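Below is one structure; the comments refer to it alone.
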Amino acid sequence: MRTKKMVASILAIALVMCTPIKVTEASNILPEYTVMYGDVMYHAKSEVSNGTAYCLTSVSSSGVVSVTGTYYYINHETIVTGTSSSTNGGQHYASVSFAAPTNCTSVRVNGSHRVSFEGQRWEVSTKDVFDGN
């Protein structure tokens with residue numbers, strides 16, 4: 001009886017060790033965030049379509065905003081990927097936009113957003129992935 005339990009335990013351990021484990025990202029980055037803090041609204045968004053993409057940051061009050069976007073695309077003919085980055089800043093609102101080169105399709109866009117308002121600082125990352133539609 002003791003041998004059967006030992007064999008069963010060894011088989012159970014072997015089964016667990018050989019079972020594939022699905023690993024996902026530790027945090028899901030969304031394409032858009034809107035946050036209200038008191039009566040001030042903070043907004044960050046990234047959006048990608050077939051051949052274009054943009055990232056924007058805004059604040060409803062007088063704040064300093066900035067956005068950095070990184071755009072990823074792929075060439076249909078050569079299957080070579082490429083990236084493009086841009087940064088912009090201003091008061092209340094800032095945006096960056098991208099267009100895919102000839103024969104290329106969008107893959108994704110990542111945004112890094114910052115707002116400074118009356119000693120407060122808000123930072124968030126966004127990401128949007130082109131799904132073919």
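For the structure tokens, the naming scheme is as follows: chains receive sequential letters (A, B, ...) according to their order of presentation, residues are indexed from 1 within each chain, and ligands are indexed from 1 in presentation order.
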
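Non-sequential neighbours of A:Tyr54 (distance at most 9 Å, separation of 6 or more positions within a chain, only C-alpha atoms) are Lys45, Ser46, Glu47, Val48, Gly69, Tyr71, Ser95, Val96, Ser97, Phe98, Ala99, Val109 and Gly111 of chain A.
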
Requested in this report: Pick out the residues sitting within 7 Å of A:Val64, and hand them over as a PyMOL selection string; count only C-alpha atoms, and ignore anything fewer than 6 positions along from it in its own chain.
Outcome: chain A and resi 90-92+115-117

Surrounding residues of A:Ser112 excluding itself and chain neighbours under 6 positions, 10 Å, only C-alpha atoms, as a PDB file with N, CA and C atoms, in the first residue's frame:
```pdb
ATOM      1  N   ALA A  44      -6.047  60.329 -20.779  1.00  0.00           N
ATOM      2  CA  ALA A  44      -4.947  59.816 -21.597  1.00  0.00           C
ATOM      3  C   ALA A  44      -5.527  58.771 -22.538  1.00  0.00           C
ATOM      4  N   LYS A  45      -5.079  58.801 -23.807  1.00  0.00           N
ATOM      5  CA  LYS A  45      -5.624  57.868 -24.784  1.00  0.00           C
ATOM      6  C   LYS A  45      -4.599  57.557 -25.859  1.00  0.00           C
ATOM      7  N   SER A  46      -4.590  56.304 -26.303  1.00  0.00           N
ATOM      8  CA  SER A  46      -3.839  55.868 -27.476  1.00  0.00           C
ATOM      9  C   SER A  46      -4.804  55.107 -28.367  1.00  0.00           C
ATOM     10  N   CYS A  55      -1.718  59.499 -29.919  1.00  0.00           N
ATOM     11  CA  CYS A  55      -1.750  59.475 -28.459  1.00  0.00           C
ATOM     12  C   CYS A  55      -2.070  60.893 -28.006  1.00  0.00           C
ATOM     13  N   LEU A  56      -2.869  61.035 -26.972  1.00  0.00           N
ATOM     14  CA  LEU A  56      -3.168  62.365 -26.450  1.00  0.00           C
ATOM     15  C   LEU A  56      -3.225  62.349 -24.932  1.00  0.00           C
ATOM     16  N   THR A  57      -2.952  63.508 -24.367  1.00  0.00           N
ATOM     17  CA  THR A  57      -3.038  63.727 -22.925  1.00  0.00           C
ATOM     18  C   THR A  57      -3.744  65.051 -22.712  1.00  0.00           C
ATOM     19  N   SER A  66       2.249  66.371 -21.126  1.00  0.00           N
ATOM     20  CA  SER A  66       3.164  65.874 -22.153  1.00  0.00           C
ATOM     21  C   SER A  66       2.747  64.462 -22.546  1.00  0.00           C
ATOM     22  N   VAL A  67       3.111  64.098 -23.765  1.00  0.00           N
ATOM     23  CA  VAL A  67       2.828  62.760 -24.262  1.00  0.00           C
ATOM     24  C   VAL A  67       3.982  62.327 -25.153  1.00  0.00           C
ATOM     25  N   THR A  68       4.362  61.075 -24.992  1.00  0.00           N
ATOM     26  CA  THR A  68       5.333  60.445 -25.888  1.00  0.00           C
ATOM     27  C   THR A  68       4.666  59.203 -26.462  1.00  0.00           C
ATOM     28  N   GLY A  69       4.689  59.104 -27.778  1.00  0.00           N
ATOM     29  CA  GLY A  69       4.091  57.950 -28.433  1.00  0.00           C
ATOM     30  C   GLY A  69       5.133  57.178 -29.210  1.00  0.00           C
ATOM     31  N   THR A  70       4.995  55.873 -29.216  1.00  0.00           N
ATOM     32  CA  THR A  70       5.835  54.999 -30.040  1.00  0.00           C
ATOM     33  C   THR A  70       4.912  54.143 -30.886  1.00  0.00           C
ATOM     34  N   THR A  87       7.304  63.131 -29.335  1.00  0.00           N
ATOM     35  CA  THR A  87       6.954  63.714 -28.040  1.00  0.00           C
ATOM     36  C   THR A  87       6.393  65.109 -28.255  1.00  0.00           C
ATOM     37  N   GLU A 123       0.856  60.242 -13.921  1.00  0.00           N
ATOM     38  CA  GLU A 123       1.539  59.556 -15.013  1.00  0.00           C
ATOM     39  C   GLU A 123       0.825  58.242 -15.289  1.00  0.00           C
ATOM     40  N   VAL A 124       0.703  57.920 -16.577  1.00  0.00           N
ATOM     41  CA  VAL A 124       0.057  56.664 -16.958  1.00  0.00           C
ATOM     42  C   VAL A 124       0.577  56.238 -18.326  1.00  0.00           C
ATOM     43  N   SER A 125       0.557  54.943 -18.575  1.00  0.00           N
ATOM     44  CA  SER A 125       0.913  54.399 -19.877  1.00  0.00           C
ATOM     45  C   SER A 125      -0.338  53.823 -20.532  1.00  0.00           C
ATOM     46  N   THR A 126      -0.421  53.975 -21.850  1.00  0.00           N
ATOM     47  CA  THR A 126      -1.529  53.419 -22.614  1.00  0.00           C
ATOM     48  C   THR A 126      -0.982  52.587 -23.762  1.00  0.00           C
ATOM     49  N   LYS A 127      -1.808  51.700 -24.286  1.00  0.00           N
ATOM     50  CA  LYS A 127      -1.395  50.883 -25.435  1.00  0.00           C
ATOM     51  C   LYS A 127      -2.645  50.469 -26.202  1.00  0.00           C
TER      52      LYS A 127
END
```

**Report entry** DSSP-assigned strand (DSSP E) members of stretch 13-101 of chain A, reported as number ranges by chain
**Finding:** A: 32-37, 40-48, 52-59, 64-75, 81-91, 93-99

Query raised in the report: Quick one: residues within 9 Å of stretch 102-108 of chain A, only C-alpha atoms counted, chain neighbours fewer than 4 positions away excluded, as a PyMOL selection string?
Result: chain A and resi 47-53+70-77+81+127-132

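Between A:Tyr42 and the residues A:Gly89, A:Pro101, A:Gly119, A:Gly63, the shortest atom-to-atom distance, using only C-alpha atoms, involves A:Gly63.
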